[in-house]
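Listing of entry_20.cif; format and content: mmCIF, C-alpha atoms.
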data_model
loop_
_atom_site.label_atom_id
_atom_site.label_comp_id
_atom_site.auth_asym_id
_atom_site.auth_seq_id
_atom_site.Cartn_x
_atom_site.Cartn_y
_atom_site.Cartn_z
CA MET U 21 -25.79 -29.97 12.79
CA GLY U 22 -28.31 -27.14 12.41
CA VAL U 23 -27.36 -25.71 15.80
CA ALA U 24 -23.64 -25.86 14.98
CA SER U 25 -24.19 -24.07 11.67
CA LEU U 26 -26.15 -21.37 13.46
CA ALA U 27 -23.33 -20.84 15.95
CA ILE U 28 -20.72 -20.42 13.20
CA SER U 29 -22.77 -17.99 11.12
CA ALA U 30 -23.53 -15.89 14.19
CA ALA U 31 -19.96 -14.53 14.17
CA PRO U 32 -19.12 -13.38 10.59
CA VAL U 33 -15.60 -12.27 9.72
CA ARG U 34 -15.36 -8.49 9.66
CA ALA U 35 -13.39 -6.34 7.23
CA PHE U 36 -11.26 -3.58 8.72
CA GLN U 37 -10.02 -0.32 7.21
CA THR U 38 -6.46 0.75 7.94
CA THR U 39 -4.08 3.40 6.68
CA VAL U 40 -0.40 2.56 6.26
CA ASP U 41 1.55 5.76 6.96
CA PHE U 42 4.77 6.25 4.95
CA SER U 43 5.88 9.49 6.60
CA SER U 44 8.69 9.77 9.12
CA ALA U 45 9.60 12.57 11.53
CA THR U 46 13.27 11.83 10.85
CA GLN U 47 14.45 11.80 7.25
CA VAL U 48 15.67 8.36 6.21
CA SER U 49 17.60 7.98 2.98
CA ASN U 50 19.94 5.74 1.03
CA GLN U 51 18.24 2.45 1.91
CA THR U 52 17.60 -0.46 -0.45
CA SER U 53 14.20 -1.21 1.14
CA ARG U 54 11.96 0.18 3.85
CA THR U 55 8.98 -1.34 5.71
CA PHE U 56 6.07 0.56 7.24
CA ASN U 57 3.52 -0.65 9.79
CA GLY U 58 -0.22 -0.41 9.40
CA GLY U 59 -3.04 -1.53 11.65
CA PHE U 60 -3.95 -5.21 12.24
CA GLY U 61 -0.41 -6.36 11.46
CA VAL U 62 -0.38 -5.05 7.88
CA LEU U 63 3.17 -4.35 6.65
CA ALA U 64 4.08 -2.45 3.47
CA THR U 65 7.60 -2.73 2.04
CA PHE U 66 9.08 -0.52 -0.67
CA SER U 67 12.04 -1.84 -2.66
CA ASN U 68 13.67 -2.09 -6.08
CA ALA U 69 13.65 1.63 -6.90
CA ARG U 70 14.71 2.09 -10.53
CA ALA U 71 15.85 5.04 -12.60
CA ARG U 72 14.62 6.23 -15.98
CA LEU U 73 17.92 7.38 -17.43
CA THR U 74 20.59 5.19 -15.87
CA ASN U 75 21.13 1.57 -14.88
CA ALA U 76 22.27 2.58 -11.41
CA THR U 77 20.06 1.19 -8.63
CA LYS U 78 18.17 3.88 -6.76
CA THR U 79 17.55 3.89 -3.04
CA ILE U 80 14.56 4.39 -0.77
CA ASP U 81 14.12 7.84 0.76
CA ASN U 82 11.38 9.20 2.98
CA ASN U 83 10.68 12.10 5.32
CA GLY U 84 7.77 13.92 6.94
CA SER U 85 6.03 14.19 3.56
CA GLY U 86 6.11 10.44 3.00
CA ILE U 87 8.16 8.20 0.73
CA CYS U 88 9.68 9.45 -2.51
CA ILE U 89 7.86 7.80 -5.39
CA ALA U 90 9.01 9.87 -8.35
CA LYS U 91 11.67 12.42 -9.20
CA SER U 92 12.45 14.28 -12.41
CA SER U 93 15.86 15.89 -12.47
CA ILE U 94 19.37 15.55 -13.85
CA VAL U 95 21.63 16.50 -10.93
CA ASN U 96 20.44 17.56 -7.51
CA ALA U 97 21.76 17.46 -3.96
CA GLY U 98 18.48 16.08 -2.60
CA THR U 99 17.96 12.51 -1.48
CA CYS U 100 15.01 11.34 -3.55
CA GLY U 101 16.35 8.65 -5.86
CA ARG U 102 19.99 8.79 -4.77
CA SER U 103 22.33 6.59 -6.77
CA THR U 104 23.86 3.73 -4.77
CA LEU U 105 26.91 4.00 -6.99
CA LEU U 106 27.51 7.45 -5.45
CA PRO U 107 25.83 7.15 -2.03
CA GLY U 108 27.50 10.14 -0.43
CA VAL U 109 27.50 12.63 -3.30
CA ASN U 110 25.30 13.94 -6.08
CA GLY U 111 24.38 11.68 -8.94
CA ILE U 112 21.71 11.25 -11.59
CA LEU U 113 18.64 11.17 -9.37
CA SER U 114 15.73 10.62 -11.72
CA GLN U 115 13.62 7.92 -10.09
CA GLY U 116 11.14 6.23 -12.39
CA ASN U 117 9.74 3.04 -10.79
CA ILE U 118 9.46 1.60 -7.30
CA ASP U 119 7.92 -1.67 -6.04
CA LEU U 120 5.53 -2.11 -3.13
CA ASN U 121 4.66 -5.38 -1.35
CA PHE U 122 2.30 -6.25 1.50
CA ASN U 123 2.32 -9.20 3.88
CA GLN U 124 -1.46 -9.78 3.95
CA ARG U 125 -4.39 -10.44 1.67
CA LEU U 126 -6.18 -7.13 1.30
CA PHE U 127 -7.89 -4.69 -1.02
CA LEU U 128 -6.02 -1.57 -2.16
CA GLN U 129 -8.39 1.37 -1.99
CA GLY U 130 -6.36 4.52 -2.63
CA PHE U 131 -3.52 6.80 -1.57
CA ARG U 132 -2.86 10.17 0.06
CA VAL U 133 -0.20 12.67 -0.99
CA GLY U 134 2.37 14.38 1.18
CA GLN U 135 4.01 16.59 -1.43
CA ASN U 136 3.78 16.99 -5.20
CA SER U 137 5.92 19.36 -7.23
CA MET U 138 5.77 17.21 -10.37
CA ASN U 139 2.67 19.18 -11.42
CA GLN U 140 4.88 22.29 -11.71
CA ILE U 141 6.91 21.02 -14.67
CA THR U 142 6.69 23.60 -17.45
CA VAL U 143 9.41 22.62 -19.92
CA THR U 144 7.09 20.53 -22.10
CA SER U 145 9.80 19.73 -24.64
CA GLN U 146 11.57 17.69 -21.97
CA ILE U 147 8.58 15.79 -20.63
CA SER U 148 7.74 12.32 -21.88
CA ASN U 149 4.09 11.19 -21.84
CA GLN U 150 3.08 14.45 -20.12
CA GLY U 151 3.91 13.19 -16.65
CA ALA U 152 1.70 10.62 -14.95
CA LEU U 153 1.72 8.33 -11.95
CA ILE U 154 0.87 4.75 -12.99
CA PHE U 155 -0.02 1.87 -10.67
CA LYS U 156 0.44 -1.73 -11.83
CA LEU U 157 -0.30 -5.07 -10.16
CA ASN U 158 2.03 -7.82 -11.38
CA GLY U 159 2.70 -5.76 -14.50
CA THR U 160 -0.95 -4.98 -15.33
CA GLN U 161 -1.99 -1.34 -15.03
CA PHE U 162 -4.99 -0.71 -12.76
CA ALA U 163 -4.82 3.06 -12.17
CA THR U 164 -3.23 6.22 -13.56
CA PHE U 165 -3.23 9.78 -12.23
CA ASP U 166 -1.96 12.89 -14.00
CA TYR U 167 0.27 14.95 -11.74
CA ASP U 168 -1.78 18.03 -12.58
CA SER U 169 -4.86 16.41 -11.03
CA ILE U 170 -3.15 15.96 -7.66
CA PRO U 171 -2.66 19.01 -5.38
CA VAL U 172 0.68 19.83 -3.79
CA ALA U 173 -0.33 18.33 -0.45
CA GLY U 174 -3.36 17.43 1.64
CA GLY U 175 -5.31 14.59 3.19
CA THR U 176 -7.48 13.82 0.16
CA LEU U 177 -7.91 10.12 -0.57
CA TYR U 178 -7.30 9.43 -4.27
CA LYS U 179 -9.30 6.29 -4.85
CA PHE U 180 -8.37 3.51 -7.24
CA PRO U 181 -11.09 2.54 -9.75
CA GLY U 182 -12.62 -0.22 -7.63
CA SER U 183 -10.98 -2.15 -4.81
CA VAL U 184 -7.87 -3.92 -6.08
CA TYR U 185 -7.33 -7.38 -4.56
CA TYR U 186 -3.77 -8.06 -3.37
CA LYS U 187 -2.33 -11.33 -2.05
CA PRO U 188 1.16 -12.04 -0.66
CA GLY U 189 3.58 -12.59 -3.50
CA ASP U 190 1.97 -9.96 -5.72
CA THR U 191 3.88 -6.78 -6.56
CA VAL U 192 2.52 -3.27 -6.96
CA THR U 193 4.77 -1.19 -9.19
CA ILE U 194 4.43 2.58 -9.14
CA GLU U 195 5.80 4.23 -12.28
CA ASN U 196 6.74 7.84 -13.00
CA THR U 197 6.38 8.72 -16.69
CA GLY U 198 7.42 12.38 -16.43
CA PHE U 199 10.95 13.66 -16.93
CA SER U 200 12.44 17.13 -16.88
CA VAL U 201 15.73 18.85 -16.09
CA GLN U 202 13.91 20.65 -13.30
CA ASN U 203 14.04 19.51 -9.68
CA ARG U 204 10.57 18.01 -9.15
CA SER U 205 9.43 15.18 -6.90
CA PHE U 206 6.37 13.34 -5.63
CA TYR U 207 5.91 11.94 -2.11
CA LEU U 208 3.34 9.32 -1.19
CA LYS U 209 2.15 9.93 2.38
CA SER U 210 -0.01 6.85 2.98
CA MET U 211 -2.16 4.16 1.41
CA ASP U 212 -5.63 3.03 2.51
CA VAL U 213 -6.40 -0.69 2.45
CA GLU U 214 -9.22 -2.97 3.55
CA PHE U 215 -8.04 -5.97 5.53
CA THR U 216 -10.10 -9.09 6.26
CA PRO U 217 -8.60 -11.35 8.95
CA ALA U 218 -8.37 -15.00 7.98
CA PRO U 219 -11.19 -17.08 9.52
CA LEU U 220 -10.41 -19.65 12.20
CA PRO U 221 -12.55 -22.63 11.12
CA VAL U 222 -11.16 -25.08 13.67
CA LEU U 223 -11.74 -22.73 16.58
CA ALA U 224 -15.15 -21.70 15.27
CA THR U 225 -16.20 -25.31 14.82
CA ALA U 226 -15.02 -26.29 18.30
CA THR U 227 -16.89 -23.37 19.80
CA ALA U 228 -20.02 -24.25 17.85
CA PHE U 229 -20.01 -27.90 18.94
CA GLY U 230 -19.34 -26.92 22.54
CA TRP U 231 -22.28 -24.54 22.49
CA SER U 232 -24.45 -27.19 20.82
CA ARG U 233 -23.48 -29.79 23.44
CA ARG U 234 -24.39 -27.48 26.30
CA LEU U 235 -27.72 -26.68 24.66
CA ARG U 236 -28.58 -30.37 24.23
CA SER U 237 -27.70 -30.99 27.86
CA ARG U 238 -30.04 -28.24 28.99
CA VAL U 239 -32.82 -29.61 26.79
CA ARG U 240 -32.42 -33.10 28.32
CA LYS U 241 -32.46 -31.70 31.84
CA ALA U 242 -35.58 -29.65 31.10
CA ALA U 243 -37.31 -32.71 29.64
CA ALA U 244 -36.39 -34.84 32.65
CA ALA U 245 -37.69 -32.19 35.07
CA ALA U 246 -40.98 -31.99 33.17
CA GLN U 247 -41.52 -35.74 33.60
CA VAL U 248 -41.12 -35.63 37.40
#
Take the structure in the file and give it back as C-alpha cells.
Amino acid sequence: MGVASLAISAAPVRAFQTTVDFSSATQVSNQTSRTFNGGFGVLATFSNARARLTNATKTIDNNGSGICIAKSSIVNAGTCGRSTLLPGVNGILSQGNIDLNFNQRLFLQGFRVGQNSMNQITVTSQISNQGALIFKLNGTQFATFDYDSIPVAGGTLYKFPGSVYYKPGDTVTIENTGFSVQNRSFYLKSMDVEFTPAPLPVLATATAFGWSRRLRSRVRKAAAAAQV
C-alpha cells in the first residue's frame, strides 16, 4: 500500500495557464452566440447580449480588436450591439450586458483589451454611474473597472481581485453601466485562465499497482539469488 501511494503522489496534477483569444481577422457580426477556442480544450462562449434602452435582443459582434462587450450610442451604422429586430439596418445599438460561459473547471485570472473608446465619453449629463465595466459570477459581482483606468488598447493583463473559480453551469455576466449619445465602444481581446486537468484516479491506481507488483517481483528474485 505504501509503494502504491508513493507511485500516485509522484505524478501530481499540474495547473496550466492559457489565454482564450476573442479577436478575429475577419469581422463577424449579427450572431446570437459565438464560441472561441483556448488551449487544453478550453472553450469560451458569449451569448445573451442585452441592451440598456430597449427590449430588443442584441447580437454578438467581433473583429480584430476582439469581441464587443459594451457600446454607448443611440443610432450608429456600426455592428457592435446590432438589433436582431433590424439585422440589416441601423437600430438602437446600446449594448449593456453579455454572458460568458466556459466548458471546463478553471480559475478566471484577468482580461486584455483590444479597443476602448468608452473612456472618451465627455457628456457627463448623459452618463449613468460614470461608466464602468462590471464582472459578475452567477449574479454576484467580483470585479469592476472604470473605463478611464483602461487604456485604448494594449496587451496589459487587467487582473481580477484573486483567482475566481468557475465550474460548468456557472455564468459570467459582463455589464456596461455607461451610456451616452456618443458612439463609444469597448472590445475585449482575450481572457487569461488557469486550467487544471481532471485527475485520472483509475489509470493512476492501475499504474501504481503495476509498478508495485514489478517491484515486489524484483525483490523476491533478489532474495532468492542471495540464498543460492
Can you report as lines of an AutoDock Vina configuration file the centre and edge lengths in Å, to one decimal, of an axis-aligned box around the listed atoms of range 41-50 of chain U padded with 6 Å on each side?
center_x = 10.7
center_y = 9.2
center_z = 6.3
size_x = 30.4
size_y = 18.8
size_z = 22.5
*Where does the PyMOL selection byres ((chain U and resi 46-54) around 8) land in this file, that is, which residues does it pick, as a list of chain:residue names?*
U:Ser44, U:Ala45, U:Thr55, U:Phe56, U:Thr65, U:Phe66, U:Ser67, U:Asn68, U:Ala69, U:Lys78, U:Thr79, U:Ile80, U:Asp81, U:Asn82, U:Asn83, U:Gly84, U:Thr99, U:Cys100, U:Arg102, U:Thr104, U:Pro107
*Mind telling me what the PyMOL selection byres ((chain U and resi 129-135) around 7) catches here, as number ranges by chain?*
U: 85-86, 127-128, 136-137, 172-180, 183-184, 206-213
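Distance annotation: of U:Gln37, U:Ser114, U:Thr193, U:Gln124, the residue with the minimal separation from Ala163 in chain U is U:Thr193; atom set is only C-alpha atoms.
In terms of minimum interatomic distance to Ser205 in chain U, U:Lys91 ranks closest within U:Lys91, U:Lys187, U:Lys156, U:Arg125, counting all atoms listed in the file.
From CA of Arg204 in chain U back to CA of Phe122 in chain U, the distance works out to 27.8 Å.
CA of Thr160 in chain U sits 27.3 Å away from CA of Gly59 in chain U.
Put simply, CA of Asn121 in chain U is 25.8 Å away from CA of Pro171 in chain U.
Counting only C-alpha atoms, Arg34 in chain U has the following residues at most 9 Å away, ignoring those fewer than 6 positions along the same chain: Phe215, Thr216 and Pro217 of chain U.
Among the candidates U:Thr197, U:Ala71, U:Thr191, U:Ser43, the residue lying nearest to Leu153 in chain U is U:Thr197 (atoms considered: only C-alpha atoms).
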